[in-house]
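Structure file query08.txt (compact mmCIF, C-alpha atoms) follows.
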# COMPACT_ATOMS: atom_id res chain seq x y z
CA MET A 65 -30.02 -45.59 -37.80
CA ALA A 66 -30.62 -46.51 -34.17
CA ASP A 67 -33.92 -48.12 -35.17
CA ILE A 68 -32.22 -50.29 -37.79
CA ALA A 69 -29.66 -51.44 -35.23
CA THR A 70 -32.49 -52.29 -32.82
CA TYR A 71 -34.36 -54.29 -35.46
CA LEU A 72 -31.23 -56.19 -36.50
CA LEU A 73 -30.01 -56.97 -32.99
CA THR A 74 -33.35 -57.91 -31.43
CA GLY A 75 -34.07 -59.99 -34.54
CA LEU A 76 -30.77 -61.80 -34.06
CA GLY A 77 -31.65 -62.29 -30.38
CA LEU A 78 -34.98 -63.85 -31.36
CA VAL A 79 -33.17 -66.25 -33.70
CA PHE A 80 -31.07 -67.42 -30.78
CA PHE A 81 -34.17 -67.81 -28.59
CA ILE A 82 -35.89 -69.85 -31.31
CA ALA A 83 -32.77 -72.00 -31.73
CA GLY A 84 -32.67 -72.59 -27.96
CA THR A 85 -36.35 -73.52 -27.91
CA VAL A 86 -35.99 -75.89 -30.85
CA GLY A 87 -33.07 -77.50 -29.04
CA LEU A 88 -35.15 -77.82 -25.87
CA ILE A 89 -37.87 -79.64 -27.77
CA ARG A 90 -35.76 -81.71 -30.16
CA PHE A 91 -32.63 -82.75 -28.24
CA PRO A 92 -32.65 -86.27 -26.82
CA ASP A 93 -31.48 -85.95 -23.19
CA GLN A 94 -31.44 -83.44 -20.33
CA PHE A 95 -27.82 -82.43 -20.73
CA SER A 96 -27.98 -81.44 -24.38
CA ARG A 97 -31.33 -79.76 -23.77
CA LEU A 98 -29.77 -77.67 -20.98
CA HIS A 99 -26.87 -76.86 -23.28
CA ALA A 100 -29.20 -75.59 -26.00
CA LEU A 101 -31.39 -73.66 -23.60
CA THR A 102 -28.71 -71.82 -21.60
CA LYS A 103 -26.43 -70.99 -24.52
CA GLY A 104 -29.24 -69.94 -26.82
CA ASP A 105 -31.18 -67.90 -24.27
CA ASN A 106 -28.16 -66.15 -22.76
CA LEU A 107 -26.96 -64.99 -26.16
CA GLY A 108 -30.49 -64.16 -27.25
CA LEU A 109 -31.12 -62.02 -24.17
CA GLY A 110 -27.75 -60.33 -24.69
CA PHE A 111 -28.61 -59.38 -28.28
CA ILE A 112 -32.07 -58.16 -27.27
CA ALA A 113 -30.59 -56.05 -24.45
CA LEU A 114 -28.02 -54.66 -26.90
CA GLY A 115 -30.76 -53.87 -29.39
CA VAL A 116 -32.93 -52.15 -26.76
CA ALA A 117 -29.86 -50.20 -25.60
CA PHE A 118 -30.03 -48.25 -28.88
CA GLN A 119 -33.44 -46.89 -27.79
CA THR A 120 -32.34 -45.55 -24.39
CA ASP A 121 -31.97 -41.89 -23.50
CA THR A 122 -29.47 -42.07 -20.66
CA TRP A 123 -26.44 -44.14 -19.78
CA ALA A 124 -28.16 -45.16 -16.54
CA GLN A 125 -30.73 -47.07 -18.60
CA VAL A 126 -27.92 -48.79 -20.51
CA ALA A 127 -26.33 -49.73 -17.20
CA MET A 128 -29.64 -51.23 -16.05
CA LEU A 129 -29.87 -53.31 -19.22
CA VAL A 130 -26.32 -54.57 -18.64
CA LEU A 131 -27.27 -55.37 -15.02
CA ILE A 132 -30.36 -57.30 -16.16
CA TRP A 133 -28.32 -59.33 -18.62
CA GLY A 134 -25.57 -59.93 -16.07
CA LEU A 135 -28.03 -61.14 -13.42
CA ALA A 136 -29.81 -63.40 -15.90
CA LEU A 137 -26.43 -64.86 -16.91
CA LEU A 138 -25.52 -65.40 -13.26
CA ALA A 139 -28.82 -67.15 -12.53
CA ALA A 140 -28.76 -69.29 -15.67
CA GLY A 141 -25.11 -70.17 -15.16
CA THR A 142 -25.87 -71.29 -11.61
CA VAL A 143 -29.08 -73.15 -12.27
CA ALA A 144 -27.86 -75.12 -15.29
CA PRO A 145 -25.09 -77.03 -13.42
CA LEU A 146 -27.47 -77.62 -10.49
CA VAL A 147 -30.16 -79.09 -12.77
CA ALA A 148 -27.49 -81.14 -14.55
CA ARG A 149 -26.17 -82.51 -11.24
CA ALA A 150 -29.70 -83.36 -10.10
CA ALA A 151 -30.30 -85.17 -13.41
CA LEU A 152 -27.01 -87.04 -13.03
CA THR A 153 -27.85 -88.15 -9.48
CA GLU A 154 -31.31 -89.21 -10.60
CA SER A 155 -29.95 -91.26 -13.52
CA ARG A 156 -27.44 -93.08 -11.29
CA LYS A 157 -30.17 -94.19 -8.91
CA PRO A 158 -30.94 -97.89 -9.31
CA MET B 248 -48.53 -53.05 -32.90
CA SER B 249 -49.18 -52.89 -29.16
CA LEU B 250 -52.68 -54.27 -29.83
CA VAL B 251 -51.07 -57.39 -31.34
CA LEU B 252 -48.85 -57.65 -28.27
CA ASP B 253 -51.81 -57.33 -25.90
CA ILE B 254 -53.90 -59.88 -27.77
CA ALA B 255 -50.96 -62.31 -27.84
CA LEU B 256 -50.45 -61.74 -24.11
CA CYS B 257 -54.14 -62.38 -23.32
CA ALA B 258 -54.11 -65.53 -25.45
CA LEU B 259 -50.96 -66.75 -23.69
CA ILE B 260 -52.44 -66.05 -20.24
CA LEU B 261 -55.62 -67.93 -21.08
CA GLY B 262 -53.73 -70.81 -22.73
CA VAL B 263 -51.26 -71.22 -19.88
CA GLY B 264 -54.08 -70.95 -17.34
CA LEU B 265 -55.92 -73.72 -19.14
CA ALA B 266 -52.77 -75.84 -19.27
CA THR B 267 -52.34 -75.34 -15.51
CA VAL B 268 -55.72 -76.77 -14.57
CA ALA B 269 -56.31 -79.20 -17.41
CA GLY B 270 -52.92 -80.87 -17.86
CA HIS B 271 -51.76 -84.16 -16.43
CA GLY B 272 -49.27 -84.26 -13.60
CA VAL B 273 -48.70 -82.10 -10.55
CA PHE B 274 -45.20 -81.01 -11.52
CA ARG B 275 -46.32 -79.84 -14.94
CA ALA B 276 -49.20 -77.90 -13.36
CA VAL B 277 -46.81 -76.17 -10.95
CA ILE B 278 -44.48 -75.12 -13.77
CA PHE B 279 -47.41 -73.81 -15.79
CA PHE B 280 -48.66 -71.94 -12.70
CA ILE B 281 -45.31 -70.15 -12.36
CA THR B 282 -45.36 -69.24 -16.05
CA TYR B 283 -48.94 -68.05 -15.63
CA GLY B 284 -47.89 -65.74 -12.77
CA LEU B 285 -45.07 -64.24 -14.81
CA LEU B 286 -47.38 -63.63 -17.78
CA LEU B 287 -49.95 -62.03 -15.45
CA ALA B 288 -47.20 -59.78 -14.10
CA ILE B 289 -46.45 -58.62 -17.65
CA GLY B 290 -50.18 -58.05 -18.08
CA TRP B 291 -50.36 -55.85 -14.97
CA ALA B 292 -47.29 -53.95 -16.16
CA ARG B 293 -49.02 -53.36 -19.53
CA LEU B 294 -51.96 -51.90 -17.57
CA GLY B 295 -49.59 -49.55 -15.73
CA ALA B 296 -50.17 -51.22 -12.34
CA TYR B 297 -46.48 -51.65 -11.56
CA ASP B 298 -47.04 -52.30 -7.84
CA VAL B 299 -49.38 -55.18 -8.61
CA ALA B 300 -47.02 -56.44 -11.32
CA LEU B 301 -44.13 -56.56 -8.87
CA ALA B 302 -46.24 -58.28 -6.22
CA GLU B 303 -47.54 -60.78 -8.76
CA ALA B 304 -44.07 -61.65 -10.03
CA ALA B 305 -42.44 -61.85 -6.60
CA ILE B 306 -45.19 -63.38 -4.50
CA SER B 307 -47.49 -65.27 -6.84
CA ALA B 308 -45.05 -66.58 -9.44
CA GLY B 309 -41.89 -66.69 -7.35
CA LEU B 310 -42.86 -67.47 -3.80
CA THR B 311 -46.06 -69.47 -4.32
CA GLY B 312 -44.29 -71.36 -7.10
CA VAL B 313 -41.46 -72.30 -4.76
CA LEU B 314 -43.96 -73.32 -2.06
CA LEU B 315 -45.79 -75.57 -4.53
CA LEU B 316 -42.49 -77.06 -5.75
CA ALA B 317 -41.47 -77.72 -2.15
CA ALA B 318 -44.81 -79.40 -1.46
CA HIS B 319 -44.39 -81.53 -4.58
CA GLY B 320 -40.88 -82.54 -3.51
CA ARG B 321 -42.18 -83.49 -0.06
CA LEU B 322 -44.95 -85.60 -1.54
CA ARG B 323 -42.40 -87.34 -3.73
CA ARG B 324 -40.10 -88.06 -0.78
CA LEU B 325 -43.03 -89.55 1.13
CA SER B 326 -43.77 -91.55 -2.02
CA ALA B 327 -47.26 -90.18 -1.89
CA ALA B 328 -47.03 -88.64 -5.31
CA GLU B 329 -48.76 -91.42 -7.22
CA GLU B 330 -51.22 -89.40 -9.11
CA ALA B 331 -54.79 -90.40 -9.39
CA PRO B 332 -55.84 -90.66 -13.02
CA LEU B 333 -57.82 -87.67 -14.13
CA ARG B 334 -61.50 -88.51 -13.96
CA ARG B 335 -64.37 -86.60 -15.44
CA ASN B 336 -66.19 -84.97 -12.57
CA LEU B 337 -69.37 -83.59 -14.04
CA PRO B 338 -70.83 -81.97 -10.87
CA ALA B 339 -67.57 -80.13 -10.17
CA ALA B 340 -67.38 -78.96 -13.78
CA LEU B 341 -70.99 -77.75 -13.63
CA ILE B 342 -70.45 -75.88 -10.36
CA ALA B 343 -67.21 -74.29 -11.61
CA THR B 344 -68.88 -73.20 -14.86
CA GLY B 345 -71.81 -71.82 -12.88
CA VAL B 346 -69.52 -69.81 -10.60
CA ALA B 347 -67.60 -68.47 -13.60
CA LEU B 348 -70.84 -67.47 -15.35
CA ALA B 349 -72.20 -65.82 -12.19
CA LEU B 350 -68.97 -63.87 -11.70
CA GLY B 351 -69.01 -62.82 -15.34
CA TRP B 352 -72.63 -61.70 -15.01
CA ALA B 353 -71.82 -59.77 -11.83
CA TRP B 354 -68.93 -58.04 -13.56
CA PHE B 355 -71.17 -56.78 -16.34
CA ALA B 356 -74.18 -56.09 -14.09
CA LEU B 357 -72.38 -53.99 -11.50
CA PRO B 358 -72.09 -50.26 -12.12
CA ASP B 359 -68.61 -49.02 -12.95
CA PRO B 360 -66.86 -48.55 -9.62
CA ALA B 361 -66.13 -44.91 -8.93
CA ALA B 362 -62.55 -45.03 -7.71
CA PRO B 363 -62.20 -42.79 -4.66
CA ASP B 364 -60.27 -39.67 -5.55
CA LEU B 365 -57.05 -39.82 -3.58
CA THR B 366 -55.60 -36.53 -4.79
CA ALA B 367 -57.14 -34.58 -1.92
CA ALA B 368 -56.23 -37.14 0.75
CA LEU B 369 -52.79 -38.13 -0.52
CA PRO B 370 -50.88 -35.13 0.93
CA GLN B 371 -52.30 -36.07 4.37
CA SER B 372 -50.97 -39.63 4.12
CA GLY B 373 -47.28 -38.78 4.40
CA VAL B 374 -46.24 -40.73 1.31
CA GLY B 375 -46.36 -40.08 -2.42
CA ASN B 376 -47.25 -43.57 -3.65
CA PRO B 377 -51.06 -43.94 -3.52
CA VAL B 378 -50.74 -47.72 -3.14
CA THR B 379 -48.57 -47.36 -0.05
CA ALA B 380 -50.89 -44.63 1.27
CA VAL B 381 -53.86 -47.01 1.02
CA LEU B 382 -51.99 -50.03 2.38
CA LEU B 383 -50.40 -48.40 5.41
CA ASN B 384 -52.59 -45.42 6.19
CA PHE B 385 -56.14 -45.37 4.80
CA ARG B 386 -56.69 -49.13 4.94
CA ALA B 387 -54.01 -50.13 7.46
CA TRP B 388 -56.43 -52.63 9.02
CA ASP B 389 -56.18 -54.93 6.00
CA THR B 390 -52.41 -54.85 5.99
CA LEU B 391 -52.18 -55.51 9.72
CA LEU B 392 -54.44 -58.53 9.40
CA GLU B 393 -52.47 -59.78 6.38
CA ALA B 394 -49.27 -59.67 8.41
CA ILE B 395 -50.96 -61.63 11.20
CA ILE B 396 -52.42 -64.17 8.75
CA LEU B 397 -48.90 -64.87 7.44
CA LEU B 398 -47.82 -65.60 10.99
CA ALA B 399 -50.83 -67.88 11.52
CA ALA B 400 -49.96 -69.75 8.32
CA LEU B 401 -46.45 -70.40 9.61
CA ILE B 402 -47.77 -71.67 12.95
CA GLY B 403 -50.14 -73.94 11.05
CA LEU B 404 -47.20 -75.29 9.06
CA TRP B 405 -45.15 -75.93 12.19
CA MET B 406 -48.01 -77.99 13.59
CA LEU B 407 -47.13 -80.55 10.91
CA ALA B 408 -43.85 -81.24 12.69
CA ARG B 409 -43.57 -84.35 14.82
CA ASP B 410 -42.70 -83.92 18.48
CA ARG B 411 -39.35 -85.64 18.25
CA ALA B 412 -38.35 -83.36 15.37
CA TRP B 413 -39.31 -80.12 17.13
CA ASN B 414 -35.75 -79.13 18.06
CA GLU B 415 -34.24 -80.22 14.75
CA PRO B 416 -33.06 -77.61 12.22
CA LEU B 417 -35.94 -76.47 10.04
CA GLY B 418 -36.40 -77.94 6.61
CA LEU B 419 -34.24 -80.32 4.67
CA GLN B 420 -30.51 -80.48 5.00
CA TYR B 421 -28.91 -78.73 2.07
CA HIS B 422 -25.66 -79.99 0.68
CA ALA B 423 -23.61 -77.39 -1.11
CA ARG B 424 -20.11 -78.42 -2.17
CA ALA B 425 -17.53 -75.97 -0.84
CA GLY B 426 -16.36 -73.89 -3.79
CA GLY B 427 -19.14 -75.26 -6.01
CA VAL B 428 -21.62 -73.22 -8.07
CA MET B 429 -24.24 -73.03 -5.31
CA ALA B 430 -21.71 -71.94 -2.69
CA SER B 431 -20.41 -69.14 -4.93
CA PHE B 432 -23.95 -68.11 -5.93
CA GLY B 433 -24.80 -67.89 -2.23
CA ARG B 434 -22.01 -65.37 -1.82
CA VAL B 435 -22.46 -63.35 -5.01
CA LEU B 436 -26.22 -62.86 -5.00
CA PRO B 437 -26.96 -61.71 -1.40
CA PRO B 438 -25.20 -58.30 -1.61
CA ILE B 439 -27.09 -57.44 -4.82
CA GLY B 440 -30.38 -58.80 -3.48
CA LEU B 441 -30.02 -56.99 -0.16
CA ILE B 442 -29.54 -53.64 -1.89
CA PHE B 443 -32.47 -54.32 -4.22
CA GLY B 444 -34.79 -55.48 -1.43
CA VAL B 445 -34.03 -52.53 0.85
CA TYR B 446 -34.35 -50.18 -2.13
CA LEU B 447 -37.81 -51.58 -2.94
CA VAL B 448 -39.00 -50.93 0.61
CA TRP B 449 -37.53 -47.44 0.75
CA ALA B 450 -38.77 -46.51 -2.73
CA GLY B 451 -42.24 -47.84 -1.86
CA ALA B 452 -43.05 -44.60 -0.05
CA GLU B 453 -42.85 -42.55 -3.23
CA THR B 454 -42.90 -44.88 -6.26
CA THR B 455 -43.31 -48.56 -7.04
CA GLY B 456 -42.29 -50.93 -4.26
CA GLY B 457 -43.28 -51.77 -0.74
CA ALA B 458 -42.88 -54.04 2.25
CA PHE B 459 -44.27 -57.18 0.60
CA GLN B 460 -42.23 -56.88 -2.59
CA GLY B 461 -39.05 -55.94 -0.74
CA GLY B 462 -39.65 -58.61 1.87
CA THR B 463 -40.01 -61.27 -0.83
CA VAL B 464 -36.69 -60.26 -2.40
CA LEU B 465 -34.99 -60.33 1.00
CA ALA B 466 -36.56 -63.73 1.72
CA ALA B 467 -35.12 -65.04 -1.56
CA VAL B 468 -31.68 -63.73 -0.56
CA CYS B 469 -31.96 -65.45 2.83
CA LEU B 470 -33.10 -68.72 1.19
CA VAL B 471 -30.18 -68.69 -1.24
CA SER B 472 -27.79 -68.13 1.67
CA LEU B 473 -29.39 -71.00 3.60
CA MET B 474 -29.22 -73.37 0.62
CA ALA B 475 -25.61 -72.42 -0.05
CA GLY B 476 -24.73 -73.18 3.55
CA VAL B 477 -23.66 -69.59 4.21
CA LEU B 478 -26.26 -69.29 6.99
CA PRO B 479 -26.92 -72.11 9.47
CA ALA B 480 -30.42 -73.60 9.29
CA PRO B 481 -32.76 -71.92 11.79
CA ARG B 482 -34.47 -73.79 14.62
CA ILE B 483 -37.90 -73.07 16.09
CA ALA B 484 -36.48 -72.46 19.55
CA GLN B 485 -34.09 -69.71 18.47
CA THR B 486 -35.21 -66.44 20.05
CA ALA B 487 -33.77 -64.20 17.32
CA TRP B 488 -35.85 -65.85 14.57
CA ARG B 489 -38.98 -65.79 16.74
CA ALA B 490 -38.44 -62.12 17.62
CA ALA B 491 -38.02 -61.29 13.91
CA LEU B 492 -41.32 -63.08 13.21
CA VAL B 493 -43.41 -60.95 15.59
CA PHE B 494 -41.45 -57.71 15.29
CA GLY B 495 -43.39 -56.31 12.32
CA PRO B 496 -46.93 -57.10 13.51
CA GLY B 497 -45.86 -55.96 16.99
CA VAL B 498 -44.63 -52.55 15.82
CA PHE B 499 -47.77 -52.21 13.66
CA LEU B 500 -50.07 -53.04 16.58
CA LEU B 501 -48.21 -50.70 18.94
CA SER B 502 -48.47 -47.84 16.48
CA GLY B 503 -52.16 -48.63 16.11
CA VAL B 504 -52.68 -48.49 19.89
CA ALA B 505 -50.64 -45.27 20.03
CA GLY B 506 -52.99 -43.88 17.37
CA ALA B 507 -55.97 -44.82 19.55
CA ILE B 508 -54.48 -43.06 22.56
CA PHE B 509 -52.85 -39.97 21.03
CA ALA B 510 -54.64 -39.49 17.69
CA GLN B 511 -58.13 -39.93 16.26
CA GLY B 512 -58.35 -43.68 16.65
CA PHE B 513 -56.85 -47.14 16.29
CA LEU B 514 -54.31 -47.17 13.43
CA ALA B 515 -54.88 -43.47 12.72
CA LEU B 516 -51.71 -41.59 11.81
CA PRO B 517 -51.48 -37.83 12.45
CA PRO B 518 -50.34 -36.24 9.16
CA ALA B 519 -47.25 -34.66 10.73
CA LEU B 520 -45.93 -38.03 11.89
CA ALA B 521 -47.31 -40.11 9.03
CA LYS B 522 -44.14 -40.39 6.92
CA PRO B 523 -41.73 -41.50 9.69
CA ALA B 524 -44.42 -43.77 11.14
CA ILE B 525 -45.09 -45.44 7.78
CA VAL B 526 -41.39 -45.91 7.04
CA THR B 527 -40.84 -47.43 10.50
CA ILE B 528 -43.82 -49.77 10.17
CA GLU B 529 -42.75 -50.78 6.67
CA ALA B 530 -39.20 -51.51 7.77
CA ALA B 531 -40.40 -53.66 10.68
CA LEU B 532 -43.01 -55.39 8.51
CA THR B 533 -40.42 -56.13 5.83
CA LEU B 534 -38.21 -57.93 8.31
CA SER B 535 -41.11 -60.03 9.60
CA ILE B 536 -42.51 -60.74 6.12
CA ALA B 537 -39.08 -61.81 4.89
CA VAL B 538 -38.45 -64.12 7.85
CA THR B 539 -41.97 -65.58 7.73
CA LEU B 540 -41.66 -66.32 4.02
CA VAL B 541 -38.24 -67.93 4.51
CA LEU B 542 -39.56 -70.20 7.27
CA LEU B 543 -42.69 -71.02 5.22
CA VAL B 544 -40.57 -72.09 2.26
CA ILE B 545 -38.04 -74.21 4.15
CA GLY B 546 -40.88 -75.92 5.94
CA PRO B 547 -41.33 -77.61 9.30
CA PRO B 548 -38.47 -79.33 11.14
CA ASP B 549 -37.85 -82.61 9.35
CA ASP B 550 -35.97 -85.51 10.86
CA GLY B 551 -36.27 -87.45 7.64
CA GLY B 552 -38.71 -89.91 9.20
CA GLN B 553 -41.48 -91.33 7.09
CA ASP B 554 -45.10 -91.06 7.96
CA ALA B 555 -46.31 -94.33 9.34
Output the structure of this file as structure tokens.
Amino acid sequence: MADIATYLLTGLGLVFFIAGTVGLIRFPDQFSRLHALTKGDNLGLGFIALGVAFQTDTWAQVAMLVLIWGLALLAAGTVAPLVARAALTESRKP
Amino acid sequence: MSLVLDIALCALILGVGLATVAGHGVFRAVIFFITYGLLLAIGWARLGAYDVALAEAAISAGLTGVLLLAAHGRLRRLSAAEEAPLRRNLPAALIATGVALALGWAWFALPDPAAPDLTAALPQSGVGNPVTAVLLNFRAWDTLLEAIILLAALIGLWMLARDRAWNEPLGLQYHARAGGVMASFGRVLPPIGLIFGVYLVWAGAETTGGAFQGGTVLAAVCLVSLMAGVLPAPRIAQTAWRAALVFGPGVFLLSGVAGAIFAQGFLALPPALAKPAIVTIEAALTLSIAVTLVLLVIGPPDDGGQDA
């Protein structure tokens, strides 16, 4: 039962990662590429962490997975606006 | 299943390594180098060498990557980044291939190294992590010299500063909007990073971790605070920063001299005192490593002037 949940959830996570990567390659400009990458990867990592959580033995390990996802979200959520602002400044330069 | 994973990992490492050296463009090479370091870290973790994996991820991928990015940014600001077109350099290719072949031959020709058995010596070292025991007790010489080399690298970097810029704040001026994402990140991340960095140093005595890994995490925390404007930019003349730079090597040297006077020799630790001595040296080294790495990344004092 736990194994099936892991397969389903990590599989779903991979779909999101693939969607994010396709967006990164196919989208026309930096802002939509960032959009695809951050949304897709954050959700993908969340689903993978959730899937792996079904394989843990203790709640401490679950807490660590939540911490990993939370920190990745924090970093991605911070970096994406910074990259976007840098791109905006660059594009306004004569 | 894990064989497939390992083969895919090896293929990725080789492919990304090739892309690093063979691709066009400095920026692209730097990004591939960072990816290469992260993949190598996963490789070390697959081999069970978690200490090396941590060091690889933190120092090679993270810190060296940031240093290379900073160097690229500096080149671009000096408009010196026009890249020479890639030319075929046959002699260099021949020499590199020859070195690779010779190294490969040496690897197969050498007898299998008999790893020294640490199980008998480990209880004497004062710590439970064999890597820490080697780094700070059995082969403390190497670590002491590494700490001093870091310091020498920083002094070399500072020599790039121009005289009139010497008293300026180090590095570029960072602009973080008050209440913006960077400013909030600079307040949210440091508490977490501080706990993690100190934990890595403390845990290094018994399990995975150590002064270099912990110091790199602490350096990252300090850099984020500097970029977010939470900490004022350091200056070369500030005594506190200078003291932090030499504190670690100083404590290490003093303990080495104390070993020469009171124990068997320079850098020798008597088993009874080994654990507190190692923890003290590691704590002092961590501070100095962190500060040195921070100052290496933010670079020499920069008054924004262009090279003539």
Using CA of Val428 (chain B) and CA of Leu88 (chain A) as the two end points, give the distance in Å to one decimal.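 Distance between the two atoms: 22.8 Å.
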Restrict the distance test to only C-alpha atoms, flag each residue of chain B within 9 Å of chain A, and return the flagged residues as a list in words. Val428, Met429, Ser431, Phe432 and Leu436 of chain B
Could you check how far CA of Gly290 (chain B) sits from CA of Leu261 (chain B), in Å to one decimal? 11.7 Å
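Coordinates place CA of Leu73 (chain A) at a distance of 21.1 Å from CA of Val251 (chain B).
With only C-alpha atoms as the atoms that count, the residue of B:Ala302, B:Ala394, B:Ala412, B:Val498 with the shortest distance to Val464 (chain B) is B:Ala302.
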With a distance cut-off of 10 Å and all atoms listed in the file, select the neighbouring residues of Pro496 (chain B), excluding the residue or stretch itself and same-chain residues fewer than 4 positions from it, and output the selection as an mmCIF file with C-alpha atoms, in the coordinates of the input.
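Result saved to part.cif:
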data_model
loop_
_atom_site.group_PDB
_atom_site.id
_atom_site.type_symbol
_atom_site.label_atom_id
_atom_site.label_comp_id
_atom_site.auth_asym_id
_atom_site.auth_seq_id
_atom_site.Cartn_x
_atom_site.Cartn_y
_atom_site.Cartn_z
ATOM 1 C CA THR B 390 -52.410 -54.850 5.990
ATOM 2 C CA LEU B 391 -52.180 -55.510 9.720
ATOM 3 C CA LEU B 392 -54.440 -58.530 9.400
ATOM 4 C CA GLU B 393 -52.470 -59.780 6.380
ATOM 5 C CA ALA B 394 -49.270 -59.670 8.410
ATOM 6 C CA ILE B 395 -50.960 -61.630 11.200
ATOM 7 C CA LEU B 398 -47.820 -65.600 10.990
ATOM 8 C CA ALA B 491 -38.020 -61.290 13.910
ATOM 9 C CA LEU B 492 -41.320 -63.080 13.210
ATOM 10 C CA LEU B 500 -50.070 -53.040 16.580
ATOM 11 C CA LEU B 501 -48.210 -50.700 18.940
ATOM 12 C CA SER B 502 -48.470 -47.840 16.480
ATOM 13 C CA ILE B 528 -43.820 -49.770 10.170
ATOM 14 C CA ALA B 531 -40.400 -53.660 10.680
ATOM 15 C CA LEU B 532 -43.010 -55.390 8.510
ATOM 16 C CA SER B 535 -41.110 -60.030 9.600
ATOM 17 C CA ILE B 536 -42.510 -60.740 6.120
#
Nearest to Gly108 (chain A): which of A:Gly84, A:Glu154, A:Thr70, A:Pro92 is it, counting all atoms listed in the file?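 Of all the options, A:Gly84 lies closest to Gly108 (chain A).
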If we count all atoms listed in the file, what is near Thr85 (chain A) at a cut-off of 12 Å, once residues fewer than 3 positions away on the same chain are taken out, given as a PyMOL selection string? chain A and resi 78-82+88-91+97-105+108
Can you work out which one of B:Ala452, B:Gly495, B:Gly426, B:Pro363 has the shortest atom-to-atom distance to Val477 (chain B), counting only C-alpha atoms?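 With only C-alpha atoms as the atom set, the closest residue is B:Gly426.
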Near Asn106 (chain A), within 8 Å and counting only C-alpha atoms, which residues show up once chain neighbours fewer than 3 positions away are dropped, as a ChimeraX atom specification? /A:102-103,109-110,133,136-137,140
Pick out the residues sitting within 10 Å of Phe443 (chain B), and hand them over as a PyMOL selection string; count all atoms listed in the file, and ignore anything fewer than 5 positions along from it in its own chain. chain B and resi 437-438+448-449+461+464-465
Excluding Trp405 (chain B) and its own-chain neighbours fewer than 4 positions away, which residues fall within 9 Å of it when counting only C-alpha atoms? Please give them as a list of chain:residue names.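 The neighbour list is B:Ala400, B:Leu401, B:Arg409, B:Trp413, B:Ile483, B:Leu543, B:Gly546, B:Pro547, B:Pro548.
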